[in-house]
Structures are given as C-alpha cells and as structure tokens.
Amino acid sequence: MCPHQPSCPSHDAPDRDAARTLAAHPEQGWSLLCNGVVLFEDTGELLPDGGIIAPHRPTDPLAPSAA
C-alpha cells in the first residue's frame with residue numbers, strides 16, 4: 001500500500017511509471033517503484049503480479065526526411 005498523499009498510481013494504471021522510486025540501482029539497471037513495479041533502464045517492466053511489459057522506447061534513430 002502506498003503511504004504517499006496523493007497515492008502513487010497502481011501497478012495496473014496506465015501511468016504506473018509515475019510512482020515514486022523506493023530503491024534505485026542504476027549500476028544494475030533497475031529501480032523499484034512504490035507500486036511494486038520493477039522498472040528497468042531499457043524501459044521494460046516487471047509487475048508485482050509477475051506480468052511483464054516489454055521495453056517500449058524507440059531504439060532506432062529517425063530516418064532523414066527525403067527533402
């Protein structure tokens with residue numbers, strides 16, 4: 001249960017990444033959020049119910065426009 005006021009978004013909310021960080025381990029590439037989500041530096045997520053969210057950041061540079 002989140003002790004913050006207002007409460008952090010739950011792990012199943014669309015804005016779950018906005019929860020406060022409880023533990024950060026940048027040397028290992030992950031952070032634990034107040035809602036139980038483990039957020040990885042590649043933007044992948046491990047949910048407290050065992051679910052996963054695949055990395056969701058663009059990894060390819062934008063192609064130059066054909067001007």
# chains A, B, ... in the order shown; residues from 1 in each chain; ligands from 1
>>> residues_around(residues="A:Ile53", least_positions_apart="3", cutoff="12 Å", atoms="only C-alpha atoms", output="compact mmCIF listing (two decimals) with N, CA and C atoms, in the first residue's frame")
# COMPACT_ATOMS: atom_id res chain seq x y z
N HIS A 11 -0.09 -0.51 -9.96
CA HIS A 11 0.73 -1.18 -10.97
C HIS A 11 -0.03 -1.47 -12.26
N ASP A 12 -1.36 -1.43 -12.23
CA ASP A 12 -2.12 -1.69 -13.45
C ASP A 12 -2.66 -0.42 -14.10
N PRO A 14 -2.34 3.08 -16.33
CA PRO A 14 -1.53 3.45 -17.50
C PRO A 14 -0.32 4.33 -17.14
N ARG A 16 1.59 4.03 -14.44
CA ARG A 16 2.29 3.33 -13.35
C ARG A 16 3.72 3.78 -13.17
N ASP A 17 4.38 4.25 -14.24
CA ASP A 17 5.77 4.70 -14.16
C ASP A 17 5.93 5.99 -13.35
N VAL A 37 6.30 -2.09 -8.95
CA VAL A 37 6.84 -2.30 -10.30
C VAL A 37 8.36 -2.18 -10.26
N VAL A 38 9.03 -3.12 -10.92
CA VAL A 38 10.47 -3.01 -11.12
C VAL A 38 10.65 -2.45 -12.52
N LEU A 39 11.25 -1.26 -12.60
CA LEU A 39 11.44 -0.55 -13.85
C LEU A 39 12.90 -0.70 -14.27
N PHE A 40 13.12 -1.21 -15.50
CA PHE A 40 14.47 -1.42 -16.00
C PHE A 40 14.89 -0.25 -16.88
N ASP A 42 16.03 -0.12 -19.78
CA ASP A 42 15.60 -0.20 -21.18
C ASP A 42 14.11 0.05 -21.33
N THR A 43 13.45 0.47 -20.27
CA THR A 43 12.02 0.78 -20.14
C THR A 43 11.14 -0.45 -20.05
N GLY A 44 11.72 -1.64 -19.94
CA GLY A 44 10.93 -2.83 -19.65
C GLY A 44 10.50 -2.77 -18.19
N GLU A 45 9.45 -3.52 -17.86
CA GLU A 45 8.92 -3.50 -16.51
C GLU A 45 8.52 -4.90 -16.06
N LEU A 46 8.71 -5.17 -14.79
CA LEU A 46 8.24 -6.39 -14.15
C LEU A 46 7.18 -5.97 -13.15
N LEU A 47 5.97 -6.48 -13.32
CA LEU A 47 4.85 -6.10 -12.47
C LEU A 47 4.80 -7.00 -11.24
N PRO A 48 4.20 -6.52 -10.14
CA PRO A 48 4.17 -7.31 -8.91
C PRO A 48 3.37 -8.61 -9.05
N ASP A 49 2.49 -8.70 -10.03
CA ASP A 49 1.72 -9.94 -10.23
C ASP A 49 2.45 -10.92 -11.14
N GLY A 50 3.71 -10.60 -11.52
CA GLY A 50 4.50 -11.47 -12.37
C GLY A 50 4.41 -11.14 -13.84
N HIS A 56 9.66 -0.29 -24.25
CA HIS A 56 8.78 0.47 -25.14
C HIS A 56 9.34 1.84 -25.51
N ARG A 57 10.64 1.92 -25.64
CA ARG A 57 11.21 3.17 -26.13
C ARG A 57 11.72 2.93 -27.53
>>> atom_distance(atom1="atom CA of A:Asn35", atom2="atom CA of A:Arg20")
8.0 Å
>>> closest_atom_pairs(of="stretch 12-65 of chain A", to="stretch 2-7 of chain A", cutoff="12 Å", atoms="only C-alpha atoms", output="tab-separated table")
residue	atom	partner	partner_atom	distance
A:Arg16	CA	A:Ser7	CA	11.3
A:Ala18	CA	A:Ser7	CA	10.6
A:Ala19	CA	A:Ser7	CA	8.4
A:Arg20	CA	A:His4	CA	8.7
A:Thr21	CA	A:Cys2	CA	11.4
A:Leu22	CA	A:Cys2	CA	10.7
A:Leu33	CA	A:Cys2	CA	10.0
A:Cys34	CA	A:Cys2	CA	6.3
A:Asn35	CA	A:Cys2	CA	6.7
A:Gly36	CA	A:Cys2	CA	9.5
>>> select_by_dssp(residues="chain A", states="strand (DSSP E)", output="list of chain:residue names")
A:Thr21, A:Leu22, A:Ala23, A:Ala24, A:His25, A:Trp30, A:Ser31, A:Leu32, A:Leu33, A:Val38, A:Leu39, A:Phe40, A:Glu45, A:Leu46, A:Ile52, A:Ile53
>>> write_last_selection(atoms="C-alpha atoms", output="PDB file, in the first residue's frame")
ATOM      1  CA  THR A  21      11.121   5.349  -6.537  1.00  0.00           C
ATOM      2  CA  LEU A  22      11.741   3.334  -3.371  1.00  0.00           C
ATOM      3  CA  ALA A  23      15.083   1.808  -4.355  1.00  0.00           C
ATOM      4  CA  ALA A  24      17.323   2.726  -7.271  1.00  0.00           C
ATOM      5  CA  HIS A  25      20.188   0.582  -8.524  1.00  0.00           C
ATOM      6  CA  TRP A  30      16.718  -1.173 -12.348  1.00  0.00           C
ATOM      7  CA  SER A  31      14.555   0.695  -9.849  1.00  0.00           C
ATOM      8  CA  LEU A  32      11.757  -0.429  -7.533  1.00  0.00           C
ATOM      9  CA  LEU A  33       8.716   1.844  -7.585  1.00  0.00           C
ATOM     10  CA  VAL A  38      10.470  -3.012 -11.121  1.00  0.00           C
ATOM     11  CA  LEU A  39      11.444  -0.553 -13.854  1.00  0.00           C
ATOM     12  CA  PHE A  40      14.473  -1.418 -15.998  1.00  0.00           C
ATOM     13  CA  GLU A  45       8.918  -3.504 -16.506  1.00  0.00           C
ATOM     14  CA  LEU A  46       8.239  -6.394 -14.153  1.00  0.00           C
ATOM     15  CA  ILE A  52       5.903  -8.112 -17.881  1.00  0.00           C
ATOM     16  CA  ILE A  53       5.874  -5.018 -20.026  1.00  0.00           C
TER      17      ILE A  53
END
>>> decode(residues="stretch 21-57 of chain A", atoms="N, CA, C and O atoms", output="PDB file, in the first residue's frame")
ATOM      1  N   THR A  21      10.066   6.361  -6.610  1.00  0.00           N
ATOM      2  CA  THR A  21      11.121   5.349  -6.537  1.00  0.00           C
ATOM      3  C   THR A  21      11.432   5.044  -5.081  1.00  0.00           C
ATOM      4  O   THR A  21      11.703   5.949  -4.293  1.00  0.00           O
ATOM      5  N   LEU A  22      11.381   3.766  -4.722  1.00  0.00           N
ATOM      6  CA  LEU A  22      11.741   3.334  -3.371  1.00  0.00           C
ATOM      7  C   LEU A  22      13.205   2.929  -3.286  1.00  0.00           C
ATOM      8  O   LEU A  22      13.865   3.172  -2.285  1.00  0.00           O
ATOM      9  N   ALA A  23      13.687   2.260  -4.319  1.00  0.00           N
ATOM     10  CA  ALA A  23      15.083   1.808  -4.355  1.00  0.00           C
ATOM     11  C   ALA A  23      15.582   1.934  -5.790  1.00  0.00           C
ATOM     12  O   ALA A  23      14.921   1.481  -6.714  1.00  0.00           O
ATOM     13  N   ALA A  24      16.730   2.567  -5.944  1.00  0.00           N
ATOM     14  CA  ALA A  24      17.323   2.726  -7.271  1.00  0.00           C
ATOM     15  C   ALA A  24      18.681   2.044  -7.299  1.00  0.00           C
ATOM     16  O   ALA A  24      19.483   2.209  -6.376  1.00  0.00           O
ATOM     17  N   HIS A  25      18.904   1.269  -8.328  1.00  0.00           N
ATOM     18  CA  HIS A  25      20.188   0.582  -8.524  1.00  0.00           C
ATOM     19  C   HIS A  25      20.640   0.811  -9.962  1.00  0.00           C
ATOM     20  O   HIS A  25      20.614  -0.107 -10.784  1.00  0.00           O
ATOM     21  N   PRO A  26      21.062   2.045 -10.282  1.00  0.00           N
ATOM     22  CA  PRO A  26      21.447   2.353 -11.663  1.00  0.00           C
ATOM     23  C   PRO A  26      22.634   1.525 -12.145  1.00  0.00           C
ATOM     24  O   PRO A  26      22.749   1.245 -13.340  1.00  0.00           O
ATOM     25  N   GLU A  27      23.495   1.097 -11.209  1.00  0.00           N
ATOM     26  CA  GLU A  27      24.633   0.271 -11.604  1.00  0.00           C
ATOM     27  C   GLU A  27      24.179  -1.102 -12.100  1.00  0.00           C
ATOM     28  O   GLU A  27      24.882  -1.773 -12.849  1.00  0.00           O
ATOM     29  N   GLN A  28      22.974  -1.515 -11.699  1.00  0.00           N
ATOM     30  CA  GLN A  28      22.400  -2.783 -12.143  1.00  0.00           C
ATOM     31  C   GLN A  28      21.298  -2.578 -13.174  1.00  0.00           C
ATOM     32  O   GLN A  28      20.802  -3.536 -13.744  1.00  0.00           O
ATOM     33  N   GLY A  29      20.889  -1.326 -13.376  1.00  0.00           N
ATOM     34  CA  GLY A  29      19.915  -1.012 -14.416  1.00  0.00           C
ATOM     35  C   GLY A  29      18.455  -1.172 -14.035  1.00  0.00           C
ATOM     36  O   GLY A  29      17.617  -1.360 -14.905  1.00  0.00           O
ATOM     37  N   TRP A  30      18.113  -1.048 -12.735  1.00  0.00           N
ATOM     38  CA  TRP A  30      16.718  -1.173 -12.348  1.00  0.00           C
ATOM     39  C   TRP A  30      16.388  -0.308 -11.138  1.00  0.00           C
ATOM     40  O   TRP A  30      17.266   0.095 -10.393  1.00  0.00           O
ATOM     41  N   SER A  31      15.084  -0.048 -10.999  1.00  0.00           N
ATOM     42  CA  SER A  31      14.555   0.695  -9.849  1.00  0.00           C
ATOM     43  C   SER A  31      13.256   0.035  -9.403  1.00  0.00           C
ATOM     44  O   SER A  31      12.499  -0.472 -10.223  1.00  0.00           O
ATOM     45  N   LEU A  32      13.008   0.066  -8.093  1.00  0.00           N
ATOM     46  CA  LEU A  32      11.757  -0.429  -7.533  1.00  0.00           C
ATOM     47  C   LEU A  32      10.871   0.771  -7.248  1.00  0.00           C
ATOM     48  O   LEU A  32      11.273   1.694  -6.528  1.00  0.00           O
ATOM     49  N   LEU A  33       9.664   0.756  -7.794  1.00  0.00           N
ATOM     50  CA  LEU A  33       8.716   1.844  -7.585  1.00  0.00           C
ATOM     51  C   LEU A  33       7.782   1.517  -6.419  1.00  0.00           C
ATOM     52  O   LEU A  33       7.640   0.356  -6.029  1.00  0.00           O
ATOM     53  N   CYS A  34       7.156   2.527  -5.878  1.00  0.00           N
ATOM     54  CA  CYS A  34       6.277   2.403  -4.720  1.00  0.00           C
ATOM     55  C   CYS A  34       5.114   1.438  -4.966  1.00  0.00           C
ATOM     56  O   CYS A  34       4.623   0.810  -4.047  1.00  0.00           O
ATOM     57  N   ASN A  35       4.684   1.299  -6.198  1.00  0.00           N
ATOM     58  CA  ASN A  35       3.561   0.423  -6.527  1.00  0.00           C
ATOM     59  C   ASN A  35       3.999  -1.023  -6.779  1.00  0.00           C
ATOM     60  O   ASN A  35       3.203  -1.842  -7.214  1.00  0.00           O
ATOM     61  N   GLY A  36       5.268  -1.346  -6.518  1.00  0.00           N
ATOM     62  CA  GLY A  36       5.746  -2.712  -6.677  1.00  0.00           C
ATOM     63  C   GLY A  36       6.313  -3.036  -8.043  1.00  0.00           C
ATOM     64  O   GLY A  36       6.771  -4.142  -8.277  1.00  0.00           O
ATOM     65  N   VAL A  37       6.304  -2.086  -8.955  1.00  0.00           N
ATOM     66  CA  VAL A  37       6.841  -2.296 -10.300  1.00  0.00           C
ATOM     67  C   VAL A  37       8.359  -2.180 -10.261  1.00  0.00           C
ATOM     68  O   VAL A  37       8.901  -1.270  -9.629  1.00  0.00           O
ATOM     69  N   VAL A  38       9.028  -3.123 -10.919  1.00  0.00           N
ATOM     70  CA  VAL A  38      10.470  -3.012 -11.121  1.00  0.00           C
ATOM     71  C   VAL A  38      10.653  -2.449 -12.518  1.00  0.00           C
ATOM     72  O   VAL A  38      10.215  -3.040 -13.506  1.00  0.00           O
ATOM     73  N   LEU A  39      11.253  -1.263 -12.598  1.00  0.00           N
ATOM     74  CA  LEU A  39      11.444  -0.553 -13.854  1.00  0.00           C
ATOM     75  C   LEU A  39      12.897  -0.698 -14.268  1.00  0.00           C
ATOM     76  O   LEU A  39      13.802  -0.392 -13.491  1.00  0.00           O
ATOM     77  N   PHE A  40      13.117  -1.205 -15.497  1.00  0.00           N
ATOM     78  CA  PHE A  40      14.473  -1.418 -15.998  1.00  0.00           C
ATOM     79  C   PHE A  40      14.891  -0.253 -16.882  1.00  0.00           C
ATOM     80  O   PHE A  40      14.041   0.433 -17.456  1.00  0.00           O
ATOM     81  N   GLU A  41      16.199  -0.035 -17.010  1.00  0.00           N
ATOM     82  CA  GLU A  41      16.695   1.116 -17.764  1.00  0.00           C
ATOM     83  C   GLU A  41      16.325   1.051 -19.239  1.00  0.00           C
ATOM     84  O   GLU A  41      16.293   2.089 -19.902  1.00  0.00           O
ATOM     85  N   ASP A  42      16.027  -0.119 -19.775  1.00  0.00           N
ATOM     86  CA  ASP A  42      15.604  -0.204 -21.180  1.00  0.00           C
ATOM     87  C   ASP A  42      14.113   0.046 -21.333  1.00  0.00           C
ATOM     88  O   ASP A  42      13.559  -0.150 -22.393  1.00  0.00           O
ATOM     89  N   THR A  43      13.445   0.474 -20.268  1.00  0.00           N
ATOM     90  CA  THR A  43      12.016   0.777 -20.143  1.00  0.00           C
ATOM     91  C   THR A  43      11.144  -0.454 -20.052  1.00  0.00           C
ATOM     92  O   THR A  43       9.929  -0.332 -20.045  1.00  0.00           O
ATOM     93  N   GLY A  44      11.722  -1.643 -19.944  1.00  0.00           N
ATOM     94  CA  GLY A  44      10.933  -2.832 -19.646  1.00  0.00           C
ATOM     95  C   GLY A  44      10.497  -2.775 -18.191  1.00  0.00           C
ATOM     96  O   GLY A  44      11.087  -2.066 -17.379  1.00  0.00           O
ATOM     97  N   GLU A  45       9.448  -3.525 -17.863  1.00  0.00           N
ATOM     98  CA  GLU A  45       8.918  -3.504 -16.506  1.00  0.00           C
ATOM     99  C   GLU A  45       8.525  -4.901 -16.063  1.00  0.00           C
ATOM    100  O   GLU A  45       8.053  -5.703 -16.866  1.00  0.00           O
ATOM    101  N   LEU A  46       8.711  -5.173 -14.788  1.00  0.00           N
ATOM    102  CA  LEU A  46       8.239  -6.394 -14.153  1.00  0.00           C
ATOM    103  C   LEU A  46       7.179  -5.970 -13.152  1.00  0.00           C
ATOM    104  O   LEU A  46       7.450  -5.170 -12.244  1.00  0.00           O
ATOM    105  N   LEU A  47       5.969  -6.482 -13.323  1.00  0.00           N
ATOM    106  CA  LEU A  47       4.850  -6.097 -12.468  1.00  0.00           C
ATOM    107  C   LEU A  47       4.795  -6.998 -11.236  1.00  0.00           C
ATOM    108  O   LEU A  47       5.260  -8.138 -11.270  1.00  0.00           O
ATOM    109  N   PRO A  48       4.203  -6.519 -10.139  1.00  0.00           N
ATOM    110  CA  PRO A  48       4.169  -7.309  -8.912  1.00  0.00           C
ATOM    111  C   PRO A  48       3.375  -8.605  -9.051  1.00  0.00           C
ATOM    112  O   PRO A  48       3.584  -9.541  -8.291  1.00  0.00           O
ATOM    113  N   ASP A  49       2.488  -8.702 -10.031  1.00  0.00           N
ATOM    114  CA  ASP A  49       1.723  -9.937 -10.228  1.00  0.00           C
ATOM    115  C   ASP A  49       2.449 -10.920 -11.143  1.00  0.00           C
ATOM    116  O   ASP A  49       1.902 -11.943 -11.522  1.00  0.00           O
ATOM    117  N   GLY A  50       3.712 -10.601 -11.516  1.00  0.00           N
ATOM    118  CA  GLY A  50       4.502 -11.474 -12.371  1.00  0.00           C
ATOM    119  C   GLY A  50       4.406 -11.139 -13.844  1.00  0.00           C
ATOM    120  O   GLY A  50       5.110 -11.729 -14.658  1.00  0.00           O
ATOM    121  N   GLY A  51       3.542 -10.204 -14.196  1.00  0.00           N
ATOM    122  CA  GLY A  51       3.412  -9.789 -15.588  1.00  0.00           C
ATOM    123  C   GLY A  51       4.631  -8.992 -16.033  1.00  0.00           C
ATOM    124  O   GLY A  51       5.402  -8.496 -15.209  1.00  0.00           O
ATOM    125  N   ILE A  52       4.801  -8.895 -17.330  1.00  0.00           N
ATOM    126  CA  ILE A  52       5.903  -8.112 -17.881  1.00  0.00           C
ATOM    127  C   ILE A  52       5.379  -7.099 -18.885  1.00  0.00           C
ATOM    128  O   ILE A  52       4.346  -7.298 -19.508  1.00  0.00           O
ATOM    129  N   ILE A  53       6.104  -6.021 -18.996  1.00  0.00           N
ATOM    130  CA  ILE A  53       5.874  -5.018 -20.026  1.00  0.00           C
ATOM    131  C   ILE A  53       7.178  -4.951 -20.809  1.00  0.00           C
ATOM    132  O   ILE A  53       8.238  -4.681 -20.234  1.00  0.00           O
ATOM    133  N   ALA A  54       7.112  -5.238 -22.090  1.00  0.00           N
ATOM    134  CA  ALA A  54       8.318  -5.222 -22.917  1.00  0.00           C
ATOM    135  C   ALA A  54       8.856  -3.798 -23.022  1.00  0.00           C
ATOM    136  O   ALA A  54       8.096  -2.824 -22.876  1.00  0.00           O
ATOM    137  N   PRO A  55      10.160  -3.662 -23.265  1.00  0.00           N
ATOM    138  CA  PRO A  55      10.713  -2.314 -23.459  1.00  0.00           C
ATOM    139  C   PRO A  55       9.903  -1.568 -24.511  1.00  0.00           C
ATOM    140  O   PRO A  55       9.503  -2.144 -25.525  1.00  0.00           O
ATOM    141  N   HIS A  56       9.657  -0.286 -24.250  1.00  0.00           N
ATOM    142  CA  HIS A  56       8.779   0.471 -25.138  1.00  0.00           C
ATOM    143  C   HIS A  56       9.339   1.837 -25.513  1.00  0.00           C
ATOM    144  O   HIS A  56       8.603   2.777 -25.706  1.00  0.00           O
ATOM    145  N   ARG A  57      10.637   1.923 -25.636  1.00  0.00           N
ATOM    146  CA  ARG A  57      11.213   3.166 -26.128  1.00  0.00           C
ATOM    147  C   ARG A  57      11.722   2.925 -27.535  1.00  0.00           C
ATOM    148  O   ARG A  57      12.122   1.807 -27.877  1.00  0.00           O
TER     149      ARG A  57
END
